[in-house]
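*Asks:* Structure: final-v7.pdb, PDB, C-alpha atoms, pLDDT in the B column.
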```pdb
ATOM      1  CA  MET A 212     -17.917   1.383 -38.271  1.00 55.00           C
ATOM      2  CA  ALA A 213     -15.521  -0.581 -40.449  1.00 59.00           C
ATOM      3  CA  ILE A 214     -12.492  -2.338 -39.053  1.00 61.00           C
ATOM      4  CA  ASP A 215     -10.167   0.088 -40.867  1.00 61.00           C
ATOM      5  CA  ASP A 216     -11.870   3.024 -39.138  1.00 61.00           C
ATOM      6  CA  GLU A 217     -11.254   1.447 -35.740  1.00 60.00           C
ATOM      7  CA  VAL A 218      -7.561   0.917 -36.464  1.00 58.00           C
ATOM      8  CA  PHE A 219      -7.001   4.527 -37.467  1.00 60.00           C
ATOM      9  CA  SER A 220      -9.127   6.049 -34.721  1.00 63.00           C
ATOM     10  CA  VAL A 221      -7.104   4.491 -31.880  1.00 65.00           C
ATOM     11  CA  ARG A 222      -4.266   6.672 -30.677  1.00 62.00           C
ATOM     12  CA  PRO A 223      -1.121   4.931 -29.509  1.00 60.00           C
ATOM     13  CA  ALA A 224      -0.484   5.233 -25.793  1.00 60.00           C
ATOM     14  CA  ARG A 225       2.418   7.467 -24.874  1.00 55.00           C
ATOM     15  CA  ALA A 226       5.271   5.588 -23.311  1.00 59.00           C
ATOM     16  CA  PRO A 227       5.562   6.342 -19.603  1.00 58.00           C
ATOM     17  CA  ALA A 228       8.373   8.657 -18.633  1.00 71.00           C
ATOM     18  CA  THR A 229      11.339   6.818 -17.202  1.00 86.00           C
ATOM     19  CA  HIS A 230      14.816   7.697 -16.131  1.00 89.00           C
ATOM     20  CA  GLU A 231      17.848   5.519 -15.683  1.00 91.00           C
ATOM     21  CA  ILE A 232      20.331   6.754 -13.109  1.00 92.00           C
ATOM     22  CA  GLY A 233      23.543   7.765 -14.875  1.00 94.00           C
ATOM     23  CA  ALA A 234      21.895   7.921 -18.315  1.00 92.00           C
ATOM     24  CA  ASP A 235      23.336  10.225 -20.996  1.00 94.00           C
ATOM     25  CA  LEU A 236      21.503  13.538 -20.773  1.00 94.00           C
ATOM     26  CA  SER A 237      23.127  15.235 -23.747  1.00 95.00           C
ATOM     27  CA  THR A 238      20.420  14.093 -26.183  1.00 93.00           C
ATOM     28  CA  LEU A 239      17.514  15.400 -24.077  1.00 93.00           C
ATOM     29  CA  SER A 240      15.743  18.697 -24.626  1.00 94.00           C
ATOM     30  CA  GLU A 241      15.207  21.183 -21.810  1.00 96.00           C
ATOM     31  CA  ILE A 242      11.582  20.065 -21.534  1.00 95.00           C
ATOM     32  CA  GLU A 243      12.579  16.395 -21.301  1.00 94.00           C
ATOM     33  CA  ILE A 244      15.083  17.208 -18.556  1.00 94.00           C
ATOM     34  CA  GLU A 245      12.422  19.139 -16.635  1.00 95.00           C
ATOM     35  CA  GLU A 246      10.007  16.216 -17.026  1.00 94.00           C
ATOM     36  CA  ARG A 247      12.605  13.825 -15.641  1.00 95.00           C
ATOM     37  CA  MET A 248      13.307  16.156 -12.738  1.00 96.00           C
ATOM     38  CA  THR A 249       9.588  16.221 -11.928  1.00 96.00           C
ATOM     39  CA  LEU A 250       9.433  12.434 -12.203  1.00 95.00           C
ATOM     40  CA  LEU A 251      12.397  11.999  -9.865  1.00 96.00           C
ATOM     41  CA  ALA A 252      11.046  14.536  -7.359  1.00 97.00           C
ATOM     42  CA  SER A 253       7.749  12.627  -7.266  1.00 96.00           C
ATOM     43  CA  GLU A 254       9.609   9.369  -6.750  1.00 96.00           C
ATOM     44  CA  MET A 255      11.659  10.877  -3.918  1.00 97.00           C
ATOM     45  CA  GLU A 256       8.448  11.990  -2.199  1.00 98.00           C
ATOM     46  CA  ARG A 257       6.952   8.512  -2.635  1.00 97.00           C
ATOM     47  CA  LEU A 258      10.081   6.973  -1.103  1.00 98.00           C
ATOM     48  CA  ARG A 259      10.047   9.472   1.775  1.00 98.00           C
ATOM     49  CA  LEU A 260       6.432   8.598   2.597  1.00 98.00           C
ATOM     50  CA  ALA A 261       7.190   4.866   2.423  1.00 98.00           C
ATOM     51  CA  LEU A 262      10.101   5.352   4.833  1.00 98.00           C
ATOM     52  CA  ILE A 263       7.902   7.275   7.269  1.00 98.00           C
ATOM     53  CA  ALA A 264       5.300   4.494   7.161  1.00 97.00           C
ATOM     54  CA  LYS A 265       7.943   1.783   7.720  1.00 98.00           C
ATOM     55  CA  ARG A 266       9.403   3.663  10.671  1.00 97.00           C
ATOM     56  CA  ALA A 267       5.949   4.133  12.195  1.00 97.00           C
ATOM     57  CA  SER A 268       5.284   0.394  11.869  1.00 96.00           C
ATOM     58  CA  ARG A 269       8.589  -0.426  13.536  1.00 95.00           C
ATOM     59  CA  VAL A 270       7.915   2.004  16.408  1.00 94.00           C
ATOM     60  CA  ALA A 271       4.448   0.499  16.901  1.00 94.00           C
ATOM     61  CA  ALA A 272       5.896  -3.023  16.965  1.00 94.00           C
ATOM     62  CA  ASP A 273       8.681  -1.996  19.342  1.00 93.00           C
ATOM     63  CA  THR A 274       6.136  -0.378  21.645  1.00 93.00           C
ATOM     64  CA  PHE A 275       3.860  -3.412  21.526  1.00 93.00           C
ATOM     65  CA  PHE A 276       6.685  -5.840  22.288  1.00 92.00           C
ATOM     66  CA  LYS A 277       8.428  -3.364  24.645  1.00 86.00           C
ATOM     67  CA  ARG A 278      11.840  -3.682  23.064  1.00 63.00           C
TER      68      ARG A 278
END
```
Represent the structure contained in this file as structure tokens.
*Replies:*
Amino acid sequence: MAIDDEVFSVRPARAPATHEIGADLSTLSEIEIEERMTLLASEMERLRLALIAKRASRVAADTFFKR
């Protein structure tokens, strides 16, 4: 395989979806808005699970040290 073949056979990686709070939404398509909503819902779930884990750690520490 020639070097030129390798260059043209590699597909560029798609940029990861991101969202900036307060960003202008007027330029986005319906699909892009739905994708961002899905992204934000996933992030909210990740944050909720992290909060549950933090609270459980605090309760365990409080119980151990009998606060």
*Asks:* Expressed in Å to a single decimal, how great is the separation between atom CA of A:Ala264 and atom CA of A:Glu245?
*Replies:*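 Computing it gives 28.8 Å between the two atoms.
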*Asks:* Taking the file as shown, what set of residues would the PyMOL selection byres ((chain A and resi 231) around 12) give back, as a PyMOL selection string?
*Replies:* chain A and resi 228-230+232-236+247-248+250-251
*Asks:* Grab the atom CA of A:Lys277 to atom CA of A:Lys265 distance for me, in Å with one decimal place.
*Replies:*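 These two atoms are separated by 17.7 Å.
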*Asks:* Quick check, in Å to one decimal: how far apart do atom CA of A:Ala252 and atom CA of A:Ala271 lie?
*Replies:*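 Rounded to one decimal, the two atoms are 28.8 Å apart.
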*Asks:* I'd like the box whose edges run along x, y and z of the file and which contains every listed atom of stretch 259-272 of chain A, padded by 3 Å per side; could you state its centre and edge lengths in Å, one decimal, as AutoDock Vina command-line options?
*Replies:*
```
--center_x 7.3 --center_y 3.2 --center_z 9.4 --size_x 11.7 --size_y 18.5 --size_z 21.2
```
